[in-house]
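Data block for entry29.txt (compact mmCIF, C-alpha atoms):
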```txt
# COMPACT_ATOMS: atom_id res chain seq x y z
CA MET A 472 -16.39 8.52 -15.58
CA ILE A 473 -14.85 5.73 -13.48
CA ILE A 474 -12.62 4.70 -16.36
CA MET A 475 -11.39 8.28 -16.74
CA LEU A 476 -10.61 8.53 -13.00
CA THR A 477 -8.74 5.23 -13.14
CA ILE A 478 -6.65 6.44 -16.07
CA LEU A 479 -5.93 9.79 -14.39
CA SER A 480 -4.95 8.15 -11.09
CA GLY A 481 -2.56 5.84 -12.97
CA MET A 482 -1.03 8.83 -14.75
CA PHE A 483 -0.55 10.60 -11.39
CA ALA A 484 1.11 7.53 -9.89
CA MET A 485 3.50 7.31 -12.84
CA THR A 486 4.24 11.02 -12.55
CA ALA A 487 4.90 10.81 -8.80
CA HIS A 488 7.21 7.82 -9.37
CA ALA A 489 9.06 9.62 -12.18
CA ILE A 490 9.48 12.73 -10.03
CA ALA A 491 10.79 10.63 -7.12
CA GLN A 492 13.32 8.97 -9.43
CA THR A 493 14.63 12.06 -11.21
CA LEU A 494 13.97 15.20 -9.13
CA TYR A 495 13.40 14.29 -5.49
CA ALA A 496 16.48 14.90 -3.30
CA LEU A 497 17.00 12.03 -0.88
CA ASP A 498 17.61 12.65 2.81
CA SER A 499 17.59 10.95 6.22
CA GLY A 500 14.48 8.86 6.82
CA ASP A 501 13.77 7.98 3.18
CA THR A 502 13.56 4.25 2.49
CA LEU A 503 14.91 2.85 -0.75
CA ARG A 504 14.48 -0.53 -2.40
CA ILE A 505 17.82 -1.44 -3.91
CA THR A 506 17.99 -4.41 -6.24
CA VAL A 507 21.27 -5.80 -7.50
CA PHE A 508 20.06 -8.33 -10.05
CA GLY A 509 21.51 -11.80 -9.55
CA GLU A 510 22.76 -10.82 -6.07
CA PRO A 511 19.93 -11.31 -3.54
CA ASP A 512 22.32 -10.86 -0.59
CA LEU A 513 23.11 -7.33 -1.79
CA SER A 514 19.48 -6.37 -2.43
CA GLY A 515 16.85 -5.13 0.02
CA ASP A 516 15.11 -2.17 1.59
CA PHE A 517 17.42 0.39 3.18
CA THR A 518 16.66 3.53 5.19
CA ILE A 519 18.96 6.52 4.87
CA ASP A 520 20.58 7.17 8.27
CA ALA A 521 20.93 10.48 10.13
CA GLN A 522 24.23 11.21 8.36
CA GLY A 523 22.60 10.80 4.94
CA ARG A 524 24.20 7.42 4.25
CA LEU A 525 23.13 3.97 3.14
CA ASN A 526 25.10 1.12 4.68
CA LEU A 527 25.44 -1.56 2.00
CA ALA A 528 27.08 -4.98 1.97
CA LEU A 529 30.62 -5.12 0.59
CA ILE A 530 30.89 -1.41 -0.23
CA GLY A 531 29.98 0.02 3.19
CA PRO A 532 28.49 3.48 3.69
CA VAL A 533 27.44 5.46 0.61
CA VAL A 534 26.54 9.14 1.11
CA VAL A 535 23.29 9.79 -0.78
CA ARG A 536 21.92 12.93 0.93
CA GLY A 537 20.90 15.42 -1.74
CA GLN A 538 21.15 12.84 -4.55
CA THR A 539 18.23 11.64 -6.68
CA ALA A 540 17.33 7.95 -6.91
CA ASP A 541 18.90 7.85 -10.38
CA GLN A 542 22.12 9.45 -9.10
CA THR A 543 22.15 7.01 -6.18
CA ARG A 544 21.76 4.09 -8.60
CA ALA A 545 24.84 5.31 -10.48
CA LEU A 546 26.86 5.69 -7.24
CA ILE A 547 25.98 2.16 -6.11
CA HIS A 548 26.61 0.72 -9.57
CA ASP A 549 30.07 2.31 -9.73
CA ALA A 550 30.96 1.22 -6.19
CA TYR A 551 30.02 -2.43 -6.87
CA GLN A 552 31.76 -2.36 -10.25
CA ASP A 553 34.96 -1.09 -8.61
CA GLY A 554 36.37 -4.47 -7.58
CA TYR A 555 33.29 -6.43 -6.50
CA LEU A 556 30.97 -7.24 -9.44
CA ARG A 557 31.78 -7.47 -13.12
CA HIS A 558 28.64 -5.88 -14.64
CA PRO A 559 26.27 -4.93 -11.81
CA ASP A 560 22.68 -4.25 -12.81
CA VAL A 561 21.29 -2.00 -10.07
CA THR A 562 17.89 -0.39 -9.56
CA VAL A 563 16.97 2.10 -6.85
CA GLU A 564 13.38 2.96 -6.02
CA VAL A 565 12.00 5.27 -3.32
CA ILE A 566 9.46 3.13 -1.45
CA ALA A 567 8.82 5.40 1.56
CA PHE A 568 9.43 9.10 1.89
CA ARG A 569 10.65 10.65 5.12
CA PRO A 570 7.75 11.89 7.25
CA PHE A 571 6.41 15.42 7.43
CA PHE A 572 5.54 17.14 10.70
CA ILE A 573 2.55 19.26 11.63
CA VAL A 574 2.68 21.46 14.73
CA GLY A 575 0.78 24.30 16.30
CA GLU A 576 -2.98 24.61 16.33
CA VAL A 577 -3.98 21.15 15.14
CA ASN A 578 -5.74 18.48 17.18
CA GLN A 579 -3.04 15.83 16.77
CA PRO A 580 0.36 17.44 16.13
CA GLY A 581 3.16 15.08 15.25
CA SER A 582 5.02 13.17 12.58
CA TYR A 583 3.06 11.54 9.75
CA ASP A 584 3.81 9.49 6.65
CA TYR A 585 4.19 11.63 3.55
CA VAL A 586 1.85 11.04 0.61
CA PRO A 587 3.02 12.34 -2.79
CA GLY A 588 1.04 15.36 -3.99
CA MET A 589 -0.33 16.34 -0.59
CA ASN A 590 -1.03 19.96 0.30
CA VAL A 591 -1.41 21.86 3.57
CA LEU A 592 -5.14 21.09 3.75
CA ASN A 593 -4.37 17.35 3.51
CA ALA A 594 -1.71 17.72 6.21
CA ILE A 595 -4.17 19.49 8.52
CA ALA A 596 -6.74 16.74 7.96
CA ILE A 597 -4.14 14.06 8.76
CA GLY A 598 -3.31 16.02 11.93
CA GLY A 599 -6.93 15.78 13.09
CA GLY A 600 -8.04 19.18 11.81
CA MET A 601 -7.41 22.65 13.19
CA THR A 602 -8.26 23.55 16.74
CA TYR A 603 -10.83 26.31 17.21
CA ARG A 604 -7.88 28.69 17.64
CA GLY A 605 -6.11 27.69 14.42
CA ASP A 606 -5.51 30.51 11.94
CA GLU A 607 -5.76 29.33 8.34
CA ASP A 608 -4.39 32.71 7.25
CA ASP A 609 -1.16 32.25 9.24
CA ILE A 610 0.49 29.04 8.07
CA GLU A 611 4.22 28.52 7.69
CA ILE A 612 6.24 25.67 6.21
CA LEU A 613 9.80 25.08 7.38
CA ARG A 614 11.60 23.31 4.55
CA GLY A 615 15.12 21.93 4.34
CA ASN A 616 17.35 20.15 6.81
CA ASP A 617 18.85 21.18 10.13
CA THR A 618 21.74 23.03 8.48
CA ALA A 619 19.69 24.97 5.92
CA ARG A 620 16.02 25.41 6.82
CA VAL A 621 13.90 28.06 5.10
CA SER A 622 10.54 29.52 6.21
CA ILE A 623 7.85 29.63 3.52
CA PRO A 624 4.51 31.43 3.99
CA ALA A 625 1.76 28.99 2.99
CA ASN A 626 -1.95 28.66 2.37
CA LEU A 627 -4.22 25.61 2.31
CA ALA A 628 -3.26 24.78 -1.29
CA THR A 629 0.53 24.92 -0.80
CA ILE A 630 2.24 21.62 -1.61
CA VAL A 631 3.90 19.83 1.32
CA MET A 632 7.17 17.96 0.73
CA PRO A 633 8.79 15.12 2.71
CA GLY A 634 10.56 16.44 5.81
CA ASP A 635 8.54 19.67 5.88
CA ILE A 636 7.37 21.12 9.17
CA VAL A 637 3.91 22.66 8.76
CA ARG A 638 3.13 25.20 11.51
CA ILE A 639 -0.41 26.42 12.09
CA ALA A 640 -0.39 29.65 14.10
CA GLU A 641 -2.85 30.58 16.82
CA ARG A 642 -5.42 33.26 16.08
CA TYR A 643 -6.34 35.55 18.91
CA PHE A 644 -9.86 36.66 17.98
```
Is it possible to express this structure as structure tokens?
Amino acid sequence: MIIMLTILSGMFAMTAHAIAQTLYALDSGDTLRITVFGEPDLSGDFTIDAQGRLNLALIGPVVVRGQTADQTRALIHDAYQDGYLRHPDVTVEVIAFRPFFIVGEVNQPGSYDYVPGMNVLNAIAIGGGMTYRGDEDDIEILRGNDTARVSIPANLATIVMPGDIVRIAERYF
């Protein structure tokens, strides 16, 4: 049983990593580990700023908002290859997702670190649980960024994404 759980947890970790590399759209607050092999001064951990940019040595700001990690790798590779490095070998890995927020009828509303695969129930638990007035039948997720945010009706099993705002409504009776 323990062996099976270990195998399954490893498979989930690989899946979460693969999703982050190929599908996850980067935005402000995400932290990336960028490695330019053979160039330690160009490598490091970088957080995407409020304008959706990474500020990198030699090439300056690179707009990565909305890009995947793989697309970002290609952008950085091309920028370094354009007059700076002969054959840059670049990797980009998401090492920390932007936080999610939980507000409304929870004991500790606020901003929390995102964990891949979490759902609304996990988010409520991280927020200290619902208050006695929390309504588990009236949950809303606000998803997107400040220019294009969408309201999604949710239940306890709904998946939470980085940057989401989870709102637990107040019940009256």
- Message: Under the rule that all atoms listed in the file are counted, which of A:Asp516, A:Asp560, A:Asp635, A:Glu510 is the nearest residue to Tyr585 (chain A)?
- Response: A:Asp635
- Message: Using Å and a single decimal, report how far CA of Pro633 (chain A) sits from CA of Met601 (chain A).
- Response: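 Calculated distance between CA of Met601 (chain A) and CA of Pro633 (chain A) is 20.7 Å.
Of the listed residues A:Met632, A:Leu613, A:Ala496, A:Leu556, the one whose atoms come nearest to Val535 (chain A) is A:Ala496, with distances taken using only C-alpha atoms.
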- Extract, using all atoms listed in the file, all DNA, RNA and protein residues at most 8 Å from region 550-554 of chain A, discarding same-chain residues fewer than 5 positions from it, and format them as a PyMOL selection string. chain A and resi 529-530+559
- Message: Taking (23.4, 12.2, -9.6) in the coordinates of the supplied file, I want to know which residues reach to within 12 Å of it, counting all atoms listed in the file; could you give the answer as an MDAnalysis selection string?
- Response: chainID A and resid 492:497 534:549
Output, as AutoDock Vina command-line options, the centre and edge lengths in Å (one decimal) of the axis-aligned box that contains all listed atoms of region 514-519 of chain A with 5 Å of margin on each side.
```
--center_x 17.3 --center_y 0.1 --center_z 1.4 --size_x 14.4 --size_y 22.9 --size_z 17.6
```
